[in-house]
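**Q** Structure file model.cif, mmCIF, C-alpha atoms, is pasted below:
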data_work
#
loop_
_atom_site.group_PDB
_atom_site.id
_atom_site.type_symbol
_atom_site.label_atom_id
_atom_site.label_comp_id
_atom_site.auth_asym_id
_atom_site.auth_seq_id
_atom_site.Cartn_x
_atom_site.Cartn_y
_atom_site.Cartn_z
ATOM 1 C CA MET A 173 -8.842 12.867 38.866
ATOM 2 C CA LYS A 174 -9.139 10.079 36.339
ATOM 3 C CA LEU A 175 -6.751 7.709 34.658
ATOM 4 C CA LEU A 176 -6.961 6.886 30.950
ATOM 5 C CA THR A 177 -5.864 3.479 29.680
ATOM 6 C CA ILE A 178 -5.330 3.128 25.936
ATOM 7 C CA ASP A 179 -4.855 -0.560 25.152
ATOM 8 C CA ASP A 180 -6.363 -2.843 22.528
ATOM 9 C CA SER A 181 -6.635 -5.663 25.064
ATOM 10 C CA ARG A 182 -9.829 -5.576 27.107
ATOM 11 C CA THR A 183 -8.108 -7.930 29.546
ATOM 12 C CA ILE A 184 -5.410 -5.363 30.292
ATOM 13 C CA ARG A 185 -7.907 -2.484 30.382
ATOM 14 C CA ARG A 186 -9.925 -4.392 32.969
ATOM 15 C CA VAL A 187 -6.860 -5.108 35.077
ATOM 16 C CA ILE A 188 -5.847 -1.446 35.021
ATOM 17 C CA SER A 189 -9.400 -0.373 35.827
ATOM 18 C CA GLY A 190 -9.371 -2.753 38.789
ATOM 19 C CA VAL A 191 -6.047 -1.408 40.025
ATOM 20 C CA GLY A 192 -7.268 2.164 39.560
ATOM 21 C CA ALA A 193 -10.409 1.462 41.572
ATOM 22 C CA MET A 194 -8.295 -0.178 44.277
ATOM 23 C CA ILE A 195 -6.335 3.060 44.780
ATOM 24 C CA GLY A 196 -9.301 5.374 44.352
ATOM 25 C CA PHE A 197 -9.264 6.421 40.716
ATOM 26 C CA GLU A 198 -11.896 6.177 38.037
ATOM 27 C CA VAL A 199 -10.365 4.752 34.861
ATOM 28 C CA LEU A 200 -11.449 5.801 31.371
ATOM 29 C CA GLU A 201 -10.851 3.181 28.691
ATOM 30 C CA ALA A 202 -9.945 3.429 25.002
ATOM 31 C CA GLU A 203 -9.136 0.472 22.769
ATOM 32 C CA ASN A 204 -6.937 2.332 20.268
ATOM 33 C CA GLY A 205 -5.117 5.599 19.752
ATOM 34 C CA ASP A 206 -7.934 7.334 17.883
ATOM 35 C CA MET A 207 -10.399 6.540 20.646
ATOM 36 C CA GLY A 208 -7.870 7.669 23.234
ATOM 37 C CA ILE A 209 -7.527 11.045 21.511
ATOM 38 C CA LYS A 210 -11.324 11.372 21.423
ATOM 39 C CA VAL A 211 -11.486 10.697 25.166
ATOM 40 C CA LEU A 212 -8.866 13.392 25.708
ATOM 41 C CA GLU A 213 -10.812 15.845 23.543
ATOM 42 C CA ASN A 214 -13.929 15.265 25.648
ATOM 43 C CA GLN A 215 -12.507 14.698 29.128
ATOM 44 C CA GLY A 216 -8.834 15.639 28.893
ATOM 45 C CA GLU A 217 -9.083 18.160 31.714
ATOM 46 C CA GLU A 218 -10.006 15.397 34.136
ATOM 47 C CA VAL A 219 -7.208 13.000 33.127
ATOM 48 C CA ALA A 220 -4.293 12.869 35.573
ATOM 49 C CA LEU A 221 -2.333 10.037 33.962
ATOM 50 C CA ILE A 222 -2.382 8.151 30.661
ATOM 51 C CA LEU A 223 -1.397 4.469 30.553
ATOM 52 C CA LEU A 224 -0.490 3.667 26.978
ATOM 53 C CA ASP A 225 0.092 0.368 25.183
ATOM 54 C CA TRP A 226 2.688 0.193 22.403
ATOM 55 C CA ASN A 227 1.475 -2.434 19.932
ATOM 56 C CA MET A 228 -2.044 -1.582 18.833
ATOM 57 C CA PRO A 229 -3.945 -1.689 15.552
ATOM 58 C CA GLY A 230 -3.862 1.692 13.810
ATOM 59 C CA MET A 231 -1.520 4.194 15.468
ATOM 60 C CA ASN A 232 1.049 2.541 17.682
ATOM 61 C CA GLY A 233 1.682 3.781 21.186
ATOM 62 C CA LEU A 234 4.717 5.827 20.235
ATOM 63 C CA GLU A 235 2.706 7.693 17.583
ATOM 64 C CA VAL A 236 -0.069 8.347 20.086
ATOM 65 C CA LEU A 237 2.478 9.547 22.650
ATOM 66 C CA LYS A 238 3.970 12.000 20.146
ATOM 67 C CA LEU A 239 0.505 13.358 19.314
ATOM 68 C CA ILE A 240 -0.298 13.848 22.985
ATOM 69 C CA LYS A 241 2.991 15.574 23.709
ATOM 70 C CA ALA A 242 2.597 17.868 20.685
ATOM 71 C CA ASP A 243 -0.803 19.146 21.818
ATOM 72 C CA PRO A 244 -0.750 22.033 24.302
ATOM 73 C CA ARG A 245 -4.053 20.841 25.776
ATOM 74 C CA TRP A 246 -2.589 17.510 26.930
ATOM 75 C CA MET A 247 1.184 17.816 26.841
ATOM 76 C CA HIS A 248 1.269 18.282 30.639
ATOM 77 C CA ILE A 249 -0.468 14.952 31.332
ATOM 78 C CA PRO A 250 2.077 12.321 32.374
ATOM 79 C CA VAL A 251 2.183 9.198 30.221
ATOM 80 C CA MET A 252 3.239 5.730 31.338
ATOM 81 C CA MET A 253 3.896 3.138 28.651
ATOM 82 C CA VAL A 254 2.423 -0.273 29.564
ATOM 83 C CA THR A 255 3.655 -2.802 27.059
ATOM 84 C CA THR A 256 5.163 -6.207 26.370
ATOM 85 C CA GLU A 257 8.041 -4.428 24.576
ATOM 86 C CA GLY A 258 10.766 -4.344 27.201
ATOM 87 C CA GLU A 259 13.936 -3.817 25.188
ATOM 88 C CA LYS A 260 16.160 -0.803 25.780
ATOM 89 C CA ASP A 261 15.563 0.727 22.352
ATOM 90 C CA TYR A 262 11.829 0.887 22.985
ATOM 91 C CA ILE A 263 12.285 2.375 26.440
ATOM 92 C CA ILE A 264 14.682 5.031 25.146
ATOM 93 C CA LYS A 265 12.330 5.971 22.293
ATOM 94 C CA ALA A 266 9.411 6.306 24.700
ATOM 95 C CA ILE A 267 11.335 8.406 27.214
ATOM 96 C CA GLN A 268 12.697 10.627 24.426
ATOM 97 C CA ALA A 269 9.129 11.141 23.189
ATOM 98 C CA GLY A 270 7.973 12.238 26.627
ATOM 99 C CA ALA A 271 6.859 9.166 28.591
ATOM 100 C CA ILE A 272 7.745 9.451 32.271
ATOM 101 C CA HIS A 273 7.389 5.799 33.230
ATOM 102 C CA TYR A 274 7.695 2.491 31.453
ATOM 103 C CA GLN A 275 5.969 -0.621 32.783
ATOM 104 C CA THR A 276 6.382 -3.940 31.024
ATOM 105 C CA LYS A 277 3.697 -6.627 30.947
ATOM 106 C CA PRO A 278 3.248 -8.864 32.787
ATOM 107 C CA PHE A 279 2.933 -6.960 36.058
ATOM 108 C CA THR A 280 1.375 -7.634 39.421
ATOM 109 C CA GLN A 281 -1.504 -5.466 40.608
ATOM 110 C CA GLU A 282 0.692 -4.166 43.428
ATOM 111 C CA GLU A 283 3.431 -3.167 40.976
ATOM 112 C CA MET A 284 0.968 -1.331 38.792
ATOM 113 C CA ALA A 285 -0.629 0.442 41.752
ATOM 114 C CA SER A 286 2.788 1.530 42.948
ATOM 115 C CA ARG A 287 3.854 2.779 39.504
ATOM 116 C CA ILE A 288 0.638 4.769 39.127
ATOM 117 C CA MET A 289 1.150 6.450 42.502
ATOM 118 C CA GLU A 290 4.774 7.226 41.626
ATOM 119 C CA ALA A 291 3.777 8.659 38.258
ATOM 120 C CA LEU A 292 1.258 10.904 39.989
ATOM 121 C CA GLY A 293 3.891 12.096 42.430
ATOM 122 C CA MET A 294 2.106 10.442 45.332
ATOM 123 C CA GLY A 295 4.935 8.058 46.215
ATOM 124 C CA GLY A 296 4.949 4.291 45.742
ATOM 125 C CA LEU A 297 2.805 1.986 47.841
ATOM 126 C CA MET B 300 18.068 -14.534 9.889
ATOM 127 C CA SER B 301 17.608 -18.186 10.690
ATOM 128 C CA VAL B 302 17.770 -18.831 14.395
ATOM 129 C CA ALA B 303 18.254 -22.520 13.635
ATOM 130 C CA ASN B 304 21.819 -21.703 12.556
ATOM 131 C CA SER B 305 22.606 -20.059 15.868
ATOM 132 C CA PRO B 306 22.256 -22.538 18.731
ATOM 133 C CA GLU B 307 23.215 -19.843 21.238
ATOM 134 C CA LEU B 308 20.422 -17.494 20.132
ATOM 135 C CA MET B 309 17.954 -20.381 19.958
ATOM 136 C CA ASP B 310 18.803 -21.276 23.562
ATOM 137 C CA LYS B 311 18.329 -17.667 24.663
ATOM 138 C CA LEU B 312 14.946 -17.506 22.969
ATOM 139 C CA LEU B 313 13.688 -20.814 24.300
ATOM 140 C CA ASN B 314 14.882 -20.064 27.828
ATOM 141 C CA GLY B 315 13.316 -16.617 27.560
ATOM 142 C CA LEU B 316 10.049 -18.134 26.446
ATOM 143 C CA ARG B 317 9.977 -20.597 29.342
ATOM 144 C CA LEU B 318 10.674 -17.831 31.852
ATOM 145 C CA ALA B 319 8.109 -15.544 30.230
ATOM 146 C CA VAL B 320 5.334 -18.115 30.691
ATOM 147 C CA THR B 321 6.206 -18.672 34.345
ATOM 148 C CA GLU B 322 6.450 -14.938 35.016
ATOM 149 C CA MET B 323 3.167 -14.197 33.274
ATOM 150 C CA MET B 324 1.234 -16.840 35.178
ATOM 151 C CA THR B 325 2.747 -15.865 38.508
ATOM 152 C CA ALA B 326 2.362 -12.101 38.110
ATOM 153 C CA MET B 327 -0.886 -11.702 36.194
ATOM 154 C CA ALA B 328 -2.863 -14.841 37.075
ATOM 155 C CA MET B 329 -1.342 -15.456 40.501
ATOM 156 C CA SER B 330 -1.205 -19.122 39.547
ATOM 157 C CA GLU B 331 1.410 -21.711 40.239
ATOM 158 C CA VAL B 332 2.818 -23.153 37.077
ATOM 159 C CA VAL B 333 5.327 -25.962 36.817
ATOM 160 C CA PHE B 334 7.496 -26.398 33.757
ATOM 161 C CA ALA B 335 6.852 -30.013 32.738
ATOM 162 C CA GLY B 336 9.261 -30.344 29.831
ATOM 163 C CA GLN B 337 10.105 -29.418 26.281
ATOM 164 C CA GLU B 338 10.477 -31.483 23.132
ATOM 165 C CA SER B 339 11.068 -31.053 19.436
ATOM 166 C CA VAL B 340 7.969 -31.791 17.379
ATOM 167 C CA ASP B 341 7.467 -32.405 13.667
ATOM 168 C CA ALA B 342 4.875 -29.731 12.997
ATOM 169 C CA PHE B 343 3.458 -26.471 14.280
ATOM 170 C CA SER B 344 -0.045 -27.857 14.641
ATOM 171 C CA LEU B 345 -2.340 -26.858 17.515
ATOM 172 C CA THR B 346 -5.563 -28.650 18.319
ATOM 173 C CA SER B 347 -6.582 -27.500 21.813
ATOM 174 C CA GLU B 348 -9.888 -25.670 22.329
ATOM 175 C CA VAL B 349 -8.054 -22.354 22.706
ATOM 176 C CA VAL B 350 -5.141 -20.962 20.734
ATOM 177 C CA GLY B 351 -3.341 -17.620 20.788
ATOM 178 C CA LEU B 352 -0.775 -16.967 18.053
ATOM 179 C CA VAL B 353 1.808 -14.235 17.494
ATOM 180 C CA ARG B 354 4.118 -13.986 14.526
ATOM 181 C CA LEU B 355 7.628 -12.529 14.715
ATOM 182 C CA ASP B 356 9.026 -10.573 11.789
ATOM 183 C CA GLY B 357 12.111 -8.486 11.161
ATOM 184 C CA LYS B 358 15.653 -9.546 11.967
ATOM 185 C CA MET B 359 14.266 -13.034 12.518
ATOM 186 C CA HIS B 360 10.990 -14.762 11.731
ATOM 187 C CA GLY B 361 8.863 -17.266 13.550
ATOM 188 C CA MET B 362 5.608 -18.049 15.266
ATOM 189 C CA VAL B 363 4.695 -18.649 18.879
ATOM 190 C CA GLY B 364 1.411 -20.303 19.862
ATOM 191 C CA VAL B 365 -0.167 -20.809 23.274
ATOM 192 C CA SER B 366 -2.844 -23.470 23.636
ATOM 193 C CA CYS B 367 -4.979 -24.955 26.396
ATOM 194 C CA SER B 368 -8.480 -26.116 27.194
ATOM 195 C CA SER B 369 -11.306 -23.619 27.274
ATOM 196 C CA ALA B 370 -11.812 -24.369 30.991
ATOM 197 C CA LEU B 371 -8.189 -23.558 31.796
ATOM 198 C CA LEU B 372 -8.282 -20.316 29.814
ATOM 199 C CA ARG B 373 -11.500 -19.333 31.595
ATOM 200 C CA GLU B 374 -9.770 -19.906 34.938
ATOM 201 C CA ILE B 375 -6.639 -17.968 33.925
ATOM 202 C CA VAL B 376 -8.569 -14.984 32.549
ATOM 203 C CA SER B 377 -10.870 -14.939 35.552
ATOM 204 C CA ARG B 378 -7.868 -14.681 37.851
ATOM 205 C CA ILE B 379 -6.279 -11.946 35.755
ATOM 206 C CA VAL B 380 -9.353 -9.712 35.547
ATOM 207 C CA GLY B 381 -10.858 -10.594 38.928
ATOM 208 C CA LEU B 382 -14.211 -11.883 37.668
ATOM 209 C CA SER B 383 -15.736 -15.303 38.232
ATOM 210 C CA PRO B 384 -15.204 -17.747 35.343
ATOM 211 C CA ASP B 385 -18.964 -17.849 34.722
ATOM 212 C CA GLU B 386 -19.093 -14.102 34.129
ATOM 213 C CA LEU B 387 -16.651 -14.204 31.224
ATOM 214 C CA LEU B 388 -17.964 -13.777 27.697
ATOM 215 C CA MET B 389 -16.566 -15.222 24.472
ATOM 216 C CA GLU B 390 -14.934 -11.818 23.830
ATOM 217 C CA ASP B 391 -13.080 -12.149 27.126
ATOM 218 C CA LEU B 392 -11.760 -15.565 26.162
ATOM 219 C CA LEU B 393 -10.704 -14.435 22.691
ATOM 220 C CA ASP B 394 -8.933 -11.401 24.112
ATOM 221 C CA GLY B 395 -7.438 -13.431 26.940
ATOM 222 C CA ALA B 396 -5.946 -16.002 24.544
ATOM 223 C CA ALA B 397 -4.533 -13.203 22.409
ATOM 224 C CA GLU B 398 -3.039 -11.347 25.361
ATOM 225 C CA LEU B 399 -1.440 -14.489 26.789
ATOM 226 C CA ALA B 400 0.290 -15.124 23.464
ATOM 227 C CA ASN B 401 1.290 -11.462 23.261
ATOM 228 C CA MET B 402 2.805 -11.423 26.749
ATOM 229 C CA VAL B 403 4.647 -14.719 26.225
ATOM 230 C CA CYS B 404 6.096 -13.542 22.937
ATOM 231 C CA GLY B 405 6.965 -10.073 24.227
ATOM 232 C CA GLY B 406 8.570 -11.556 27.328
ATOM 233 C CA MET B 407 10.617 -13.965 25.233
ATOM 234 C CA LYS B 408 11.802 -11.148 22.990
ATOM 235 C CA THR B 409 12.734 -8.922 25.918
ATOM 236 C CA LYS B 410 14.559 -11.634 27.830
ATOM 237 C CA ALA B 411 16.528 -12.739 24.764
ATOM 238 C CA GLN B 412 17.306 -9.071 23.837
ATOM 239 C CA ILE B 413 17.063 -9.886 20.144
ATOM 240 C CA GLY B 414 16.213 -6.354 18.948
ATOM 241 C CA ASP B 415 14.639 -5.311 15.622
ATOM 242 C CA VAL B 416 11.918 -7.919 15.736
ATOM 243 C CA ASN B 417 8.268 -6.932 15.453
ATOM 244 C CA LEU B 418 5.386 -8.807 16.993
ATOM 245 C CA SER B 419 2.242 -9.181 14.896
ATOM 246 C CA PRO B 420 -1.144 -8.423 16.406
ATOM 247 C CA PRO B 421 -2.161 -11.645 18.118
ATOM 248 C CA VAL B 422 -4.601 -14.094 16.525
ATOM 249 C CA SER B 423 -6.930 -16.027 18.802
ATOM 250 C CA ILE B 424 -9.144 -19.032 18.209
ATOM 251 C CA VAL B 425 -11.634 -20.417 20.699
ATOM 252 C CA GLY B 426 -13.707 -23.391 19.622
ATOM 253 C CA GLN B 427 -13.680 -27.116 19.053
ATOM 254 C CA GLU B 428 -12.674 -29.563 16.356
ATOM 255 C CA TYR B 429 -10.247 -27.400 14.447
ATOM 256 C CA THR B 430 -6.539 -27.532 13.795
ATOM 257 C CA ALA B 431 -4.433 -24.382 13.600
ATOM 258 C CA GLN B 432 -1.392 -25.110 11.490
ATOM 259 C CA TRP B 433 1.536 -22.998 10.345
ATOM 260 C CA LYS B 434 3.352 -24.518 7.374
ATOM 261 C CA THR B 435 7.003 -24.095 8.140
ATOM 262 C CA ASN B 436 10.256 -25.951 7.844
ATOM 263 C CA ARG B 437 11.643 -24.229 10.927
ATOM 264 C CA PRO B 438 12.332 -26.378 13.963
ATOM 265 C CA THR B 439 9.389 -26.394 16.353
ATOM 266 C CA THR B 440 9.665 -26.812 20.104
ATOM 267 C CA LEU B 441 6.732 -27.715 22.311
ATOM 268 C CA PHE B 442 6.809 -26.595 25.956
ATOM 269 C CA THR B 443 4.425 -28.115 28.465
ATOM 270 C CA PHE B 444 3.426 -26.391 31.698
ATOM 271 C CA GLN B 445 1.358 -28.024 34.391
ATOM 272 C CA MET B 446 -1.118 -25.887 36.278
ATOM 273 C CA GLU B 447 -3.553 -26.948 38.972
ATOM 274 C CA GLU B 448 -6.467 -26.681 36.542
ATOM 275 C CA GLY B 449 -4.835 -28.257 33.489
ATOM 276 C CA VAL B 450 -2.012 -28.214 30.984
ATOM 277 C CA LEU B 451 -0.772 -25.179 29.066
ATOM 278 C CA LYS B 452 1.174 -25.841 25.873
ATOM 279 C CA VAL B 453 3.402 -23.362 24.091
ATOM 280 C CA TYR B 454 4.693 -23.983 20.572
ATOM 281 C CA ALA B 455 7.615 -22.043 19.143
ATOM 282 C CA SER B 456 8.788 -22.232 15.527
ATOM 283 C CA LEU B 457 11.853 -20.015 15.254
#
What does this structure look like when you write it as structure tokens?
**A**
Amino acid sequence: MKLLTIDDSRTIRRVISGVGAMIGFEVLEAENGDMGIKVLENQGEEVALILLDWNMPGMNGLEVLKLIKADPRWMHIPVMMVTTEGEKDYIIKAIQAGAIHYQTKPFTQEEMASRIMEALGMGGL
Amino acid sequence: MSVANSPELMDKLLNGLRLAVTEMMTAMAMSEVVFAGQESVDAFSLTSEVVGLVRLDGKMHGMVGVSCSSALLREIVSRIVGLSPDELLMEDLLDGAAELANMVCGGMKTKAQIGDVNLSPPVSIVGQEYTAQWKTNRPTTLFTFQMEEGVLKVYASL
């Protein structure tokens, strides 16, 4: 099982990759929504969880989320938003569009590890 | 909307910004940071070796800038990503400066619950002998944070 992080910040992608490795997951990285969709087209069957930023150049995270949830190939993959946008309106929009978890930045590595495990139905750490 | 005409909102934003910096450094960089003061300054003019800038647009407008020495940024980013400071490339520093500004601004916005305000993609500058200036007549506040490895400054024109 792999995780997919879609985030324009290489800093955040690296942090998530490090957390993923810490709990035994390989992490695929995409720096925008288009690249994320390409990763899903090529390796979607292996992706167990998508960690999705909101503010990105090109498609924003909500648009990417809607695309993912509209595609029968990937609609079953859980999506966690990972974003600096922490206001209620954003959270509600994301949940309504199909996100199952919402993690604001900044976060500790332990928090992120725990949220990933929860999102995968493996319980928190 | 001009925040300058609403002292209550301005207080919420500035307090939110201060908390956002502390939270970011503690959570992501596992660094101790001490708030060393805030003051009103005449201009939004940043001259440190590293700058990250985010503009706010929508219900209110403004700019937030984070600045520090290149050595301090290298240390912060190295702690966040878990690499040694020597392993970091210029791309890492540029992205790190941008992400710091993004997290500070996003944290401020969330804590103040201002709603309907968009954050621009962050702009980052890493170099020497430049001045990043935003021409504005909005009041500018400079926050200073002391870290073990140096001083982090955050400018907010709101």
**Q** Could you tell me how far CA of Arg354 in chain B sits from CA of Ser369 in chain B, in Å to one decimal place?
**A**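 Distance reported for this atom pair: 22.2 Å.
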**Q** Taking the file as I've supplied it (selection: the PyMOL selection byres ((chain A) within 8 of (chain B))), which residues are included? Please answer as a compact mmCIF listing (two decimals) with C-alpha atoms, keeping the file's coordinate frame.
**A**
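Dumped everything to out_21.txt:
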# COMPACT_ATOMS: atom_id res chain seq x y z
CA SER A 181 -6.64 -5.66 25.06
CA ARG A 182 -9.83 -5.58 27.11
CA THR A 183 -8.11 -7.93 29.55
CA ILE A 184 -5.41 -5.36 30.29
CA ARG A 186 -9.93 -4.39 32.97
CA VAL A 187 -6.86 -5.11 35.08
CA GLY A 190 -9.37 -2.75 38.79
CA ASN A 227 1.48 -2.43 19.93
CA MET A 228 -2.04 -1.58 18.83
CA PRO A 229 -3.94 -1.69 15.55
CA THR A 256 5.16 -6.21 26.37
CA GLU A 257 8.04 -4.43 24.58
CA GLY A 258 10.77 -4.34 27.20
CA GLU A 259 13.94 -3.82 25.19
CA ASP A 261 15.56 0.73 22.35
CA LYS A 277 3.70 -6.63 30.95
CA PRO A 278 3.25 -8.86 32.79
CA PHE A 279 2.93 -6.96 36.06
CA THR A 280 1.38 -7.63 39.42
CA GLN A 281 -1.50 -5.47 40.61
**Q** Env of Val453 in chain B: 10 Å cut, atoms = all atoms listed in the file, seq-sep filter 5 positions within chain, self excluded. Answer as a PyMOL selection string.
**A** chain B and resi 316-317+320+337+345+350-352+363-367+400+403+440-444
**Q** Report, as JSON, the axis-aligned box around all atoms of range 213-216 of chain A present in the file, extended by 8 Å on each side; give centre and edge lengths in Å to one decimal place.
**A**
{"center_x": -11.4, "center_y": 15.3, "center_z": 26.3, "size_x": 21.1, "size_y": 17.1, "size_z": 21.6}
**Q** Quick one: distance from CA of Glu307 in chain B to CA of Thr276 in chain A in Å, one decimal?
**A**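 It comes out at 25.1 Å.
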**Q** Provide the CA of Ile267 in chain A to CA of Gly361 in chain B distance in Å, to one decimal place.
**A** 29.2 Å
**Q** Starting from the PyMOL selection byres ((chain A and resi 208-219) around 7), expand the selection into actual residues of this file and give them as a PyMOL selection string.
**A** chain A and resi 173-176+178+202+204-207+220-221+246
**Q** B:Val340, B:Val349, B:Val302, B:Ala335: which is nearest Val422 in chain B, counting only C-alpha atoms?
**A**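 So, comparing all the options, the nearest one is B:Val349.
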